[in-house]
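Participant: My questions will all concern the structure given below.
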Amino acid sequence: MAFFDLPLSKLKTFKLPDNEPKDFDAFWKKTLAQARSYDLAAKYQPVREPAYKLVDVYDVTFNGYDGQPIKGWFLEPAGNREALPCLVHFIGYGGGRSLPVEHMSVPCAGFACFVMDTRGQGSSWSPGNTPDPVGSGPAFPGVMTRGIESPETYYYRRVFTDAARAVEAAGLHPHVDAKRIAVTGGSQGGGIAIAAAALSGAEVKLAMPDVPYLCGY
């Protein structure tokens, strides 16, 4: 969204033109079917840290695009045995899942939180643990143009598929109420949150994207 190219009155009603390709729905239906041909195989390894007294933390691994392993965190109030509302959080550009201490506010407020690591990122402002094993041709530094020559090879095809699977993994956790899942994130994370809400097979009740990128900015 432009900040100054249009007067405020027009900015409030501005809508991008609809440029959806004719094969858009078929493309994502095929992509998600391929991803779902692999079991989610979500694993939750308890993180034993004396400092985490109010929150139970789990190191998560689940299968995303093409069955490739994706890391994450799952956090919930200490000792919880209920099915709680869950916020699935996606990270801004260049960052990874970071450390659990960065994600304490949601479980301390009484909710569950599922944080997805972003493949191939995490060497910038926030560390990550998930590689992107798919190579690409020449690209601008960073990941935004990686594989951009084709929808089939584009980097964000993989990331958005990972995100849809992350929401589905969260919904299958026994301590998550699958009917009360929300998604959020800022900048890149906001764009991923929108994609996850649209593509996930789980029911997303609430989407809270903050300044989402790749959205007409």
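Following the order of the structure tokens, first chain is A, next is B, and so on, with residues numbered from 1 inside each chain and ligands from 1 in the order they appear.
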Hey, what does DSSP flag as helix (DSSP H, G or I) within range 44-186 of chain A? Can you give it to me as an MDAnalysis selection string?

Facilitator: chainID A and resid 65:67 100:103 105:108 155:172

Participant: Applying 10 Å and only C-alpha atoms, which residues near range 136-139 of chain A remain after dropping the ones on its own chain fewer than 4 positions away? List them as a list in words.

Facilitator: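 My list of contacting residues is Val143, Met144, Thr145, Arg146, Gly147, Ile148, Glu149, Thr153, Tyr154 and Tyr155 of chain A.
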
Participant: Residues at most 9 Å from Glu168 in chain A, counting only C-alpha atoms, excluding those fewer than 6 positions away in the same chain, as a VMD selection string?

Facilitator: chain A and resid 40 178 200 to 203

Participant: Could you check the closest approach to His103 in chain A for each of A:Pro133, A:Pro212, A:Gly72, A:Pro17 and tell me which residue wins, using only C-alpha atoms?

Facilitator: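 Using only C-alpha atoms, His103 in chain A sits closest to A:Gly72.
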
Participant: Pick out the closest residue to Ala109 in chain A from this set: A:Glu76, A:Gly128, A:Gln68, A:Ala196. Count only C-alpha atoms.

Facilitator: A:Glu76

Participant: Would you work out the distance separating CA of Ile91 in chain A from CA of Ser187 in chain A, expressed in Å to one decimal?

Facilitator: 8.1 Å
